[in-house]
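Notes for the one structure printed next.
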There are 2 protein chains.
Amino acid sequence: MTEEVYIGIDLGGTYVRLGAFDAEGNLLAIDQALIEAQRGPQAGLARIISLIEAMLDGLVAQGGHFELAGIGFGSTGPVYPETGVIDNPYTLPTWENVSIFEPLQTRFGAPLTLENDADVAALGEYWMGAGRGVKRLYAITVGTGIGAAFILDGRIYRGVTGAHPDGGHQVIDPSGPQCYCGLRGCWESLASGPAIARQARARIDEYPNSMLLEMTGGNPAHIEARQVAEAAVTGDPLGLAVMEQAARYFSLGVANFIILFLPDVIVLGGGVMDSLDLFRPALERMTADIDVMVPARKVRIVPAQLGYHAGLYGAAWSVMQKVNGTPV
Amino acid sequence: MTEEVYIGIDLGGTYVRLGAFDAEGNLLAIDQALIEAQRGPQAGLARIISLIEAMLDGLVAQGGHFELAGIGFGSTGPVYPETGVIDNPYTLPTWENVSIFEPLQTRFGAPLTLENDADVAALGEYWMGAGRGVKRLYAITVGTGIGAAFILDGRIYRGVTGAHPDGGHQVIDPSGPQCYCGLRGCWESLASGPAIARQARARIDEYPNSMLLEMTGGNPAHIEARQVAEAAVTGDPLGLAVMEQAARYFSLGVANFIILFLPDVIVLGGGVMDSLDLFRPALERMTADIDVMVPARKVRIVPAQLGYHAGLYGAAWSVMQKVNGTPV
């Protein structure tokens, strides 16, 4: 018997990840490689094609008969789902107006989808993760940036021209730092990993005994968000002060999603959310505060379940749904 | 021939307004009265029933045969559309858990709907106003408060438990004033009519020659938002300073709707938006600023077309759609 296999791909600025799934959503194989975007899109796409080939060969080598039923692609954006074009020279240097459908179609002849990476991560959590089947799912991924995606009735919410709304750049505090998005004090500029690291660096002179100095070999320029969180957990005053402020800003951003969308579930993922415990008290205070005008306590705020695999699940599911005639 | 007539009702804190519509959306009759909420919901509902009776009698007196096909109700919230209950002792004193379906059903036996007033105003603009038939319509009403509603594919966007999200209370500046919604510096606390008036009062000592003193008979406690806008139009420095700040805050709130929803059209209504010209420069600067990450220039920002009648149109249309089997 021939089994259908769906490939989900998650293309980030550093790594490309692949997963093979059967129609029931079982993860059959997984792989990853550096994308080395600056070597050009042609080299990058050739690498992706050979990774897919190797994955399919590996499945065959394990025995059984597999038929490639579709390839779903999630990528750091901007992306154009209709035309299969990635236009992101910002985090994928040289990837300007790159058609991914053309070479994949030529090589594999299977159905294809392309979506924003925040959208596929959210779809993954909707399909097999922390927000399975809920009517309104808001997924937030906090790492180098803040990604946000809204899944309504199992479909990606899209804005005018089909574009992906970019909730990570909502305004939270107009006296905050200038962001490349064009605004001062957007959420990403206040609560992402780099924002946390920058705050710690800026305030280190006030805390000459902070363990963060020791952790970075005396060079505060090397402070990373992960270390600030670690320092906070052990009671370091600078770590605590910075994480408290980040938690306050983070919870205000979540407050806006509650007030504006009232989702059933908000799923929190990404590296910074490994420190979710440090953010919990601020989130709980905020939820209690705003329960006056909207039923904020009815909104469940939960950690993501699929980690780095969320995008693979979501990408595979997006093409599976296309094949099934119910595109996301 | 008997013509179907639909009654749309818009219940606010001060007035109740009624409109009668035919199935094509022609406004056949209109009326309004003080609601005097504090006299109790029974008295209020009796008054509403007699206003409906008088309106129907008036139509019959004009000749023609009319059949009441439905009554659509929009009300200042919280409201419960499923059960037909208004629970708003805040702006309708004594109206706690008031069923409006029961008495109207008993008297008229016609189909009924109940929705939040911001939602029916948005529906009205979608049906017959500034956002006819667009896929994604965001309607903002700025007056004593800020109402916000999202119409997606011709239906009201509802949050968890079916509740109305309250975009007027999104956070814009956490160093702003404390609002009854539980947050500091929410949009309503910074850009509504009362916020504008409060700012002018707070800053009048810096502007001893402001015409606002004269306009209020030397008593700054009487300053109203409308007067601040008037003063700004004639070049009064205090009026200009306050309206500039309000416009800046207002445009940040609109920026968030663009970033988070990317609607096709944003419709601006309410008393404060009579001064839309004073807000235009800030809105245009903001749109240009944020066009980096999202296609902000594709979002049309337009004034409401139906004014105080928007809620009547929307309320009538909501019950018409229910009768047609396509509830909003």
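Order determines the names: the first chain of the structure tokens is A, the second B, and so forth; residues in each chain are numbered 1 upward, and ligands are numbered 1 upward as they are shown.
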Q) If you run DSSP on the backbone, which residues of region 67-283 of chain A are strand (DSSP E or B), as a ChimeraX atom specification? A) /A:67-75,79-80,85-86,98-99,112-116,136-142,146-152,155-156,171,178,184,186,265-269
Each residue of chain A with at least one atom at most 8 Å from chain B should appear once, together with its nearest atom pair and the corresponding distance in Å (one decimal); atoms considered: only C-alpha atoms; ordering: chain, then increasing residue number; output as a Markdown table.
| residue | atom | partner | partner_atom | distance |
| --- | --- | --- | --- | --- |
| A:Arg136 | CA | B:Gly159 | CA | 7.7 |
| A:Arg158 | CA | B:Leu262 | CA | 7.8 |
| A:Gly159 | CA | B:Leu262 | CA | 4.5 |
| A:Val160 | CA | B:Asp264 | CA | 5.3 |
| A:Thr161 | CA | B:Lys298 | CA | 7.9 |
| A:Ala163 | CA | B:Val294 | CA | 7.2 |
| A:His164 | CA | B:Val294 | CA | 7.5 |
| A:Pro165 | CA | B:Leu260 | CA | 5.2 |
| A:Asp166 | CA | B:Ile259 | CA | 5.5 |
| A:Gly167 | CA | B:Leu260 | CA | 5.0 |
| A:His169 | CA | B:Ile259 | CA | 7.1 |
| A:Gln170 | CA | B:Asn256 | CA | 5.3 |
| A:Val171 | CA | B:Asn256 | CA | 6.4 |
| A:Ile172 | CA | B:Ile172 | CA | 5.5 |
| A:Asp173 | CA | B:Asp173 | CA | 4.9 |
| A:Pro174 | CA | B:Asp173 | CA | 6.3 |
| A:Cys181 | CA | B:Val292 | CA | 5.9 |
| A:Gly182 | CA | B:Asp289 | CA | 4.8 |
| A:Leu183 | CA | B:Ile290 | CA | 6.7 |
| A:Leu252 | CA | B:Val171 | CA | 7.0 |
| A:Ala255 | CA | B:Gln170 | CA | 7.6 |
| A:Asn256 | CA | B:Gln170 | CA | 5.3 |
| A:Ile258 | CA | B:Pro165 | CA | 7.8 |
| A:Ile259 | CA | B:Pro165 | CA | 5.5 |
| A:Leu260 | CA | B:Gly167 | CA | 5.0 |
| A:Phe261 | CA | B:Pro165 | CA | 6.0 |
| A:Leu262 | CA | B:Gly159 | CA | 4.4 |
| A:Pro263 | CA | B:Val160 | CA | 5.7 |
| A:Asp264 | CA | B:Val160 | CA | 5.2 |
| A:Asp289 | CA | B:Gly182 | CA | 4.8 |
| A:Ile290 | CA | B:Gly182 | CA | 5.1 |
| A:Asp291 | CA | B:Gly182 | CA | 7.8 |
| A:Val292 | CA | B:Cys181 | CA | 5.9 |
| A:Met293 | CA | B:Cys181 | CA | 5.9 |
| A:Val294 | CA | B:Pro165 | CA | 6.6 |
| A:Pro295 | CA | B:Ala163 | CA | 7.4 |
| A:Lys298 | CA | B:Val160 | CA | 7.0 |
| A:Val299 | CA | B:Val160 | CA | 7.0 |
**Q.** Separation of CA of Phe73 (chain B) from CA of Ala29 (chain B) in Å
**A.** 16.1 Å
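With distances restricted to only C-alpha atoms, A:Ala202 is the closest residue to Ile223 (chain A) from A:Val85, A:Ala202, A:Leu123, A:Ile71.
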Q: Quick one: everything within 9 Å of Phe66 (chain A), counting only C-alpha atoms, minus sequence neighbours fewer than 3 positions away in the same chain. Send it as a ChimeraX atom specification.
A: /A:1-5,56,59-60,69
